[in-house]
Every structure is written in structure tokens, then in C-alpha cells.
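Quick notes on the structure that follows.
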Amino acid sequence: MSQTSAETIYLKDYAPFGWTVEEVHLTFALHPTKTRVKSRIRFVPNPAVQPQEFFLHGENLTLISAAINGAAISPKITTKSLTADVPAGPFVWESEVEISPETNTALEGLYMSNGMYCTQCEAEGFRKITYYPDRPDVMSTFTVRVEGPEPVLLSNGNKGDAGTGFAEWHDPWPKPAYLFALVAGNLVNHPDSFKTRSGRDVELNIWVRKGDEEKCAFGMKALKASMTWDEEVYGREYDLDIFNIVAVDDFNMGAMENKGLNIFNSSCVLASPETSTDDNFERIEAIIAHEYFHNWTGNRITCRDWFQLCLKEGLTVYRDSQFTSDLRSASVKRISDVIDLRGRQFREDGGPLAHPVRPESFVEINNFYTATVYEKGAEVIGMLKRLVGDEDYYKALDLYFTRHDGDAATIEDWLKVFEEVTGRNLKRFKRWYSSAGTPRLTVTEKFKDGRYTLTFKQETPPTPGQPQKKPRVIPIAVGLLGPNGDEVQPTTLLEMTKRQQSFSFEGLASKPVPSILRDFSAPVVLEHERSNAERAFLLAHDTDPFNKWEAGQALRRASLIASVTTGAAPDTAFLDAVVRVARDDSLDPAFRALVLQPIGQDDLAATLHAQGHTPDPQAIYDASETMAQSLAQELADSLPRLYADTTVDGPFVPDATGAGKRALNGRILYMLTRMDGGAQARAQFKTADNMTLKLAALNALLGQDTGADEAESFFQLWKGDRLVMDKWFAAQVALAKPEKAADVAEALTAHPLFTLKNPNRFRAVFGALSMNHAGFHHSSGRGYALLADWLIKLDALNPQTTARMCTAFQTFARYDDTRRSLAKAQLTRILSTNGLSRDTTEMVTRILEG
């Protein structure tokens with residue numbers, strides 16, 4: 001079993017730190033294995049707190065010296081902390097420690113990536129750099145001196161003095177230690193500038209390894225667009241003289257919003273038409289915006305403790321979603337967000353890892369950087385905005401920024417500004433933050449004498465630690481359509497506050513067809529009995545893009561479930577409706593591509609499980625393949641024309657218009673490959689001049705188990721590009737036939753370019769395996785065993801990535817006895833590993849106990 005202690009931290013036990021930190025001075029003498037870190041910190045007793053023992057966090061540090069007010073001391077040291085006797089009044093703490101960045105494979109604190117020094121301090125990495133009260137409510141200004149032979153030496157804030165072998169930086173804005181950053185290496189910059197609305201000039205840089213300079217232009221464009229958007233929409237102006245972004249190959253997450261020095265996973269900032277797909281470009285644009293928006297929602301206003309993580313992450317995800325919607329297609333963005341929410345967060349809500357948006361407790365905070373905190377947290381912001389309206393939403397945000405600038409805030413602080421601006425009591429709405437699980441919203445209809453009534457009932461299934469659920473406030477956007485498809489009642493927002501509630505519409509000439517939960521106005525599961533004819537009607541006539549798409553999904557889902565449970569052939573109503581959409585050139589190509597996109601097989605398994613069935617991954621795969629083949633056959637005569645019409649001529653431009661056409665073109669090519677044996681895909685693979693088309697062709701061929709030659713050609717062409725190789729690794733596993741998936745993944749782990757030390761490469765193989773639903777859950781148990789083998793190996797190097805990858809097992813209990821037994825055996829084997837990390841121990845334990 002794990003040898004690591006597992007203390008549970010509770011929200012109810014929060015207590016402020018006994019001192020405030022007035023200023024922090026740090027000096028780094030860089031060395032791969034013997035970096036010296038000197039700290040000089042001025043502490044002042046907090047008069048609002050009772051006297052307490054002086055306690056500093058510190059892990060994996062070798063203490064060289066410590067002093068208080070210049071006098072040497074001998075503090076008490078454990079593996080996790082340092083304590084000492086201190087004066088009753090203000091004092092200056094000084095220490096020098098030694099750390100080894102080169103051997104820090106956990107990628108927390110200060111570590112090295114391909115010869116570059118870099119940091120990751122969120123959530124609790126700063127304690128691996130020096131002794132400090134490493135908690136988000138302790139905020140201070142930082143002055144940093146970095147010494148080393150590297151030509152580029154960066155830290156937070158504005159530039160100070162610099163010379164041969166050193167550089168100094170000063171951040172004038174108080175921040176918690178998790179926002180500290182340092183980068184040093186042989187880097188080159190892509191420079192630009194930005195003039196704020198008040199007329200200040202800001203220096204901008206994207207720092208990269210030599211050879212990546214040509215992949216920075218799009219990232220810089222996205223950064224400047226983000227800065228402009230935040231000024232125009234939220235009134236937020238950048239507050240330093242310089243903004244630096246650094247691309248790092250070895251990084252556990254997507255990016256980090258460190259004040260003035262954002263550190264990015266290379267995959268989230270580097271882009272070119274030759275190496276990046278349209279999806280990559282949009283993701284890069286969104287992540288750059290997300291990290292920049294954190295400057296106010298996360299940095300200037302941070303969270304009091306890690307239980308409030310959604311306060312910065314949920315709000316910032318919502319803001320970056322607004323940004324993408326404004327720059328691209330709002331309806332396509334909304335649909336894409338819901339697909340992601342259902343695929344990741346609903347899955348989390350329905351299993352052993354379910355937790356509230358604001359958890360009540362945790363063992364390892366790194367395990368709570370989840371879809372619930374981020375994506376569901378954003379949905380809660382969106383619901384609040386719907387309920388109060390745009391005008392009051394932005395008034396409340398202005399009050400929030402004014403009142404809490406420089407604060408470490410809480411959810412209570414956040415909701416209070418809305419209550420003051422609107423006069424609402426948000427006590428019941430607050431349940432969205434404290435209650436886990438996805439509400440199920442059941443609706444029934446009644447029509448009599450021109451009066452149409454919708455009756456809703458809400459119920460949230462039990463989740464770990466929360467068997468009983470109180471009703472929540474649910475905003476339900478509803479429109480009504482007449483028999484001829486005209487809208488007889490425009491979108492109306494219904495506010496549900498009770499467990500059961502009815503809403504009526506008067507003066508209708510005939511029974512309408514309701515369009516319920518427009519724009520997915522709340523993160524709930526809507527249960528509404530409809531005929532396939534009614535679903536086809538909505539797909540054809542609904543004016544709400546989300547519900548138009550949702551009607552098609554409902555048709556597809558019903559047909560697939562019938563196929564899995566009864567062996568029924570694909571429903572003709574669905575096939576006819578989707579064929580009409582595919583051929584309708586008046587519709588947005590991106591929307592048509594989403595209608596043609598298959599439902600995720602894990603999503604279908606969740607639906608079957610919710611309906612009382614034991615999902616069979618192989619049966620789900622077979623039904624999905626039959627559906628895809630039937631749809632291709634129905635469209636066979638139109639596919640060549642649709643393919644030609646959606647081919648984008650001219651140079652590649654990563655804008656919404658071109659991306660939408662290429663997305664539809666890729667869907668058509670995938671179907672066409674089923675009909676022509678891959679002839680068109682092979683032709684496109686040979687002639688494609690951008691990665692979107694090249695990878696679409698390769699995926700189409702691999703999906704039909706006929707792309708081995710093209711995969712080898714792709715490798716020979718791009719084996720020198722690490723990010724493109726991640727695509728190559730992932731595609732082969734994700735698109736492998738179920739019986740081959742584990743074998744393909746295992747073979748790739750023996751490839752010379754596979755490495756455990758790079759999280760991107762590990763996720764490319766094993767993230768792809770976990771998403772190959774029928775392959776990972778193959779009845780042989782090979783997928784379970786292979787992933788467990790490699791998680792055990794990875795945990796010794798990188799506990800964070802290991803723990804997150806364990807979520808592949810979180811739904812194992814929904815399957816048959818054989819699969820449950822096989823998966824449980826592997827989870828038990830992981831848990832019995834000697835010296836297993838706290839991160840992985842907590843995650844596996846929660847999965848097993850759930």
C-alpha cells in the first residue's frame with residue numbers, strides 16, 4: 001500500500017495565517033542539481049488572528065541556513081514543513097536552501113525541460129522551491145534576482161536591473177506564491193506590443209526554443225485580441241509594462257497564468273498551418289485568452305483557499321467561452337461546449353469521483369482540477385447571467401472587481417455582489433456550488449382550450465457523501481413552435497425553484513411543439529418523451545441552433561439504443577433527417593459537421609446505464625459502426641458533390657469560415673472512405689498542404705483499418721516535430737479496432753519516440769486508449785492491465801499526471817461482472833504498489849470506494 005500519509009483537509013477548518021507578508025525578496029543561483037535559493041521575507045503579525053506557531057511549508061528542500069532579524073536559528077524541520085520561535089512583532093525571515101531542478105520529474109516547483117529551467121507552482125509547488133506559507137490567501141509583492149549563464153532569465157512583473165549572468169524582476173501587485181514563475185534558458189522571442197485603452201505601451205513576447213519562431217504569430221494575434229476584448233467587454237486593462245509567454249515541452253497542464261509570465265505547454269501556443277489543425281488553432285486561441293483573462297479573475301482577485309478554486313477557474317472558463325463565441329460562431333461554440341460537458345463532467349458527476357463545484361474536503365488538491373470545477377463552474381456562471389440579465393451581470397462584475405481587487409475571495413463574496421446589485425436572494429442558487437451530481441429534469445405537457453402547460457420535476461441522483469439533494473434554481477429557456485414550423489412563442493426564460501413546478505402559456509390556437517432548454521440553459525439531463533417525428537420536426541424547424549442540433553442527437557441516440565438493446569436497424573427517420581441537413585447548403589457548415597458527428601460511445605454507455613441496462617462496449621461499437629455505414633450509404637450519391645463543395649481553395653486561414661468548411665469536409669471524407677475504399681482519402685493525404693486536411697485523410701484511413709502506409713509516410717515526414725508526433729501516436733490508438741487497441745498502444749510504448757517523462761506523449765498513447773471505448777473496455781481486460789502497468793511506472797516520476805489518468809477507470813462499475821472484476825483487480829494492484837503517491841492513492845481509493 002501507499003506509504004504516503006493521507007490527511008484530509010476540510011473547508012470548515014479554514015483559519016487565516018497568523019502573519020501578513022509585506023514583501024518577498026528571492027535570489028536564485030541556478031544549477032541543474034544544486035540550485036541555491038535565498039529568501040528574505042518581512043512578516044508582520046496579523047492582529048485579527050490569535051497567536052499561533054510560526055509554520056512554513058517546505059518539501060524536498062535542503063536547508064543551508066536560516067535567520068531571523070539577522071541572527072542565525074535552528075528551526076524544526078519535517079519532510080513537509082518548518083517551524084520556529086519568532087518575535088512577537090514584525091521580523092525579517094532569511095533562509096537559503098538547495099534544490100535539484102534536473103531530477104524533479106514531478107514537474108512541480110522548479111524543474112528542467114530540455115535544458116530549460118521553468119516552474120509550476122499551482123497548486124502547491126512553491127513549497128518545493130523555498131520555505132514559505134504556501135497558501136493562496138497569503139499575498140505579497142515579489143522582487144526576484146535570477147543568476148545563471150542562460151541568455152534569457154525571466155520572472156514575474158516588470159524588468160529591473162540586468163547584466164551579464166543576472167536579471168532582476170519586480171512584481172508590484174501582491175500575489176500568492178502559486179503565481180510565482182521563473183524561466184531561464186536559451187530561448188528566442190517573437191516580440192510585439194500593445195497599447196492599452198489608457199495609452200500605456202505594453203511589451204509582448206512569446207519565448208520559444210530555437211526553431212519554433214515561425215509558430216508564434218497566431219498565438220500573438222490571439223493574445224492581442226484577448227487584451228482588446230477584455231477591455232471592451234469587461235473593462236479590464238492590463239496592469240504591467242510587459243507580458244511574457246513561454247512555451248515549455250514538459251508540462252502537466254495546458255498553461256499557467258503566473259502574473260506577467262504565463263508558462264504554456266508547447267501544444268497550447270505553437271501553431272502553423274503545416275503542423276496544426278483547425279481544432280489546434282481554436283484551442284490555442286481559447287487557452288491564451290483563458291490565461292490572459294486570469295490576470296483579473298484569478299490574479300488581481302484570487303481565491304481565499306483551494307476550496308474556492310471554481311471562483312477563478314469557472315469564471316475564467318466562462319469568459320474564454322464568451323471570447324470564442326464572439327470571435328467565431330456562438331452556436332457552434334455552445335454545442336461544442338455541451339458535447340465536452342456531457343462527455344467529461346456528466347461522466348464525473350455520475351461516478352465515484354463526483355464532487356460539488358466547491359468541494360467540502362480533499363486529500364490532494366491536484367486531484368480537484370476537474371471538469372466539475374472548470375466546466376460546470378462555468379455553467380453556473382452562465383446560469384447566473386441568464387437569471388439576472390446582461391446589464392446586472394456586468395454591474396455586479398464591476399462591483400466585484402472594485403471591491404475585491406487585491407483580495408483572496410470566496411464564493412460568498414462573489415454571490416454577495418450579485419445580491420446587492422439585483423436585490424435577489426441567491427441562497428437557493430448557491431446549492432449549485434455545494435451539491436454534486438447532474439439534476440434530471442422530467443417534463444410533461446398538457447394542452448386544453450388554448451392553454452398549454454409544461455410541468456417540470458427535478459431530481460438529482462445520490463452522489464458520494466450526498467445521498468439527499470434539495471431542489472436547485474434551474475433557468476429553463478423555452479420556445480414554442482406551431483404545426484407549420486413557425487415560432488408561436490419566442491424564447492422565454494422560466495425560473496424553476498421547486499422540486500415540481502408548472503408553467504402555462506395562453507391563447508394558443510393548437511398544441512405547440514416545445515423547444516425546451518434552449519441554448520442548453522442549465523447543465524441538466526432533460527427527460528422528455530417525444531416521437532421521432534417530433535424530433536425530426538425540431539431538427540427541420542427549430543430556430544434555436546442548440547435545440548436543432550439536440551433534436552438530431554436525440555434521434556440518433558434513440559436509434560442506437562434500440563440497435564444495442566434489440567438489434568433494430570438504424571431508424572429511417574433519423575437517416576432521412578440527417579441527410580436533409582447534410583445536403584442543406586443554407587446551413588452553417590460547422591453546424592452541419594456537428595450534426596454528422598457521431599455520439600461518443602462512452603456517452604451511449606452512460607445513457608444505457610441510466611436506463612437500467614448493462615452497457616456492452618462491443619455492442620455499442622457495432623451499433624455505432626452500423627449507423628455510420630448506413631448514413632454513408634444514404635448519402636452515397638451526394639458525397640462526391642458535398643466533398644467538392646466543401647473543399648476550401650486558396651491559402652489556409654484558421655478563421656471560423658474556413659474551419660467550418662474543413663470540419664464538414666472531414667466528416668464527408670470519413671463517410672466517403674467507407675464507400676470508395678479510401679481512394680479520395682489517399683489522394684487528399686498526398687496533396688494536402690495543411691495539417692487539418694492531412695490528418696483528416698489519415699484518420700479516415702485509420703478508421704477503416706487501411707492506413708498503415710500513410711501512417712508510416714506521416715511518421716517519416718514529421719518525426720522531427722514533437723507536437724505532430726503526439727498526433728501520430730494518438731491517432732493510431734484512438735482509431736484502432738477494439739480487439740487491436742491495447743496491442744497498438746503497447747507496441748507504441750516500445751517506439752523510440754515514446755517517453756514517460758513527457759506528459760503530452762504519455763497522454764497521446766494512453767489518453768487515446770482510454771477514449772477508445774470498446775478497446776479500453778475490451779472483454780479480455782488487456783486495456784485495463786496495460787494502463788495499470790504504465791500508471792504504476794509513471795507514478796514514481798509524475799504523480800499528478802498519473803492521478804489524472806486514473807480517471808479512465810472511473811466508470812468501470814457500470815459494466816458487466818467480468819469487466820468489473822478485471823478492472824477492480826487492476827485498480828487494487830495499483831493501490832498495492834509500494835510507495836504510491838498521495839495523488840494516485842486518493843484517486844484510486846475514491847474510484848474503488850465509489
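Within each chain, counting starts at residue 1; across the C-alpha cells, chains are named A, B, ... in the order shown, with ligands numbered 1 upward in that order.
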
For this session: Show which residues sit within 10 Å of A:Arg763, as an NGL selection string. Count only C-alpha atoms, and ignore same-chain residues fewer than 2 positions away.
Result: :A and (726 or 729-730 or 756 or 758-761 or 765-770 or 801-802 or 805)

For this session: Using only C-alpha atoms, determine which residues lie at most 12 Å from A:Asp603, disregarding the query and same-chain residues fewer than 5 positions distant; provide the list as a list in words.
Result: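 Once the nearby chain positions are removed, what remains is Ile339, Asp340, Leu341, Arg342, Gly343, Arg344, Gln345, Phe346, Arg347, Glu348, Gly350, Gln553, Arg557, Leu560, Ile561, Pro598, Leu608, His609, Ala610, Pro615, Pro617, Ile620, Tyr621, Ser624, Met771, His773 and Thr811 of chain A.
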
For this session: Excluding stretch 34-44 of chain A and any residue of its chain fewer than 3 positions from it, enumerate the residues within 8 Å of it, using only C-alpha atoms, and give them as a ChimeraX atom specification.
Result: /A:19-31,89-101,129-130

Problem set entry | Gap from atom CA of A:His290 to atom CA of A:Phe194 - Å, one decimal |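 According to the coordinates, atom CA of A:His290 and atom CA of A:Phe194 are separated by 17.9 Å.
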
Exercise. Do you know which residues are at most 7 Å from A:Gly314 counting only C-alpha atoms, after dropping those on the same chain fewer than 4 positions away, and could you put them as a count of residues only?
Worked result: 7

For this session: Would you list the contacts of A:Thr277 as number ranges by chain, taking every protein, DNA or RNA residue within 8 Å and counting only C-alpha atoms, but skipping same-chain residues closer than 6 positions in sequence?
Result: A: 690-692, 695

Go ahead and write the residues just picked, N, CA and C atoms, as a PDB file, in the first residue's frame.
ATOM      1  N   ASN A 690      -1.931  21.375 -45.624  1.00  0.00           N
ATOM      2  CA  ASN A 690      -2.074  21.802 -44.232  1.00  0.00           C
ATOM      3  C   ASN A 690      -2.434  20.596 -43.377  1.00  0.00           C
ATOM      4  N   MET A 691      -2.186  20.710 -42.074  1.00  0.00           N
ATOM      5  CA  MET A 691      -2.346  19.569 -41.177  1.00  0.00           C
ATOM      6  C   MET A 691      -3.805  19.167 -41.014  1.00  0.00           C
ATOM      7  N   THR A 692      -4.734  20.106 -41.099  1.00  0.00           N
ATOM      8  CA  THR A 692      -6.147  19.749 -40.966  1.00  0.00           C
ATOM      9  C   THR A 692      -6.533  18.722 -42.022  1.00  0.00           C
ATOM     10  N   LEU A 695      -4.295  15.303 -41.654  1.00  0.00           N
ATOM     11  CA  LEU A 695      -4.704  14.428 -40.557  1.00  0.00           C
ATOM     12  C   LEU A 695      -6.110  13.882 -40.777  1.00  0.00           C
TER      13      LEU A 695
END

Exercise. For A:Asn295, which residue out of A:Phe368, A:Tyr784, A:Phe809, A:Trp173 is the nearest one, using only C-alpha atoms?
Worked result: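 Result for the nearest residue to A:Asn295: A:Trp173.
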
Problem set entry | Long-range neighbours of A:Tyr400 as a ChimeraX atom specification, 10 Å cut-off, only C-alpha atoms, 4 positions minimum in chain | /A:297,301,394-396,404-405,409,413-418

Exercise. So how far away is atom CA of A:Ser586 from atom CA of A:Leu493, in Å?
Worked result: 28.8 Å

For this session: Write out as a PyMOL selection string the residues lying within 10 Å of stretch 701-714 of chain A, counting only C-alpha atoms and excluding same-chain residues fewer than 3 positions away.
Result: chain A and resi 669-670+673-674+677-682+685-686+694-698+717-719+724-725+728-729+731-737

Exercise. So how many Å separate atom CA of A:Leu723 and atom CA of A:Asp743, to one decimal?
Worked result: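 Taking atom CA of A:Leu723 and atom CA of A:Asp743, their separation equals 23.1 Å.
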
For this session: Return as a PyMOL selection string the full set of residues in stretch 184-390 of chain A whose backbone-based DSSP assignment is strand (DSSP E).
Result: chain A and resi 184-185+187-195+201-209+242-248+255-256+261-265+302-303+361-362

For this session: Mind listing the alpha helix (DSSP H) residues of stretch 184-246 of chain A, per DSSP on the backbone, as a list of chain:residue names?
Result: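 Result set for stretch 184-246 of chain A (alpha helix (DSSP H)): A:Ala217, A:Phe218, A:Gly219, A:Met220, A:Lys221, A:Ala222, A:Leu223, A:Lys224, A:Ala225, A:Ser226, A:Met227, A:Thr228, A:Trp229, A:Asp230, A:Glu231, A:Glu232, A:Val233, A:Tyr234.
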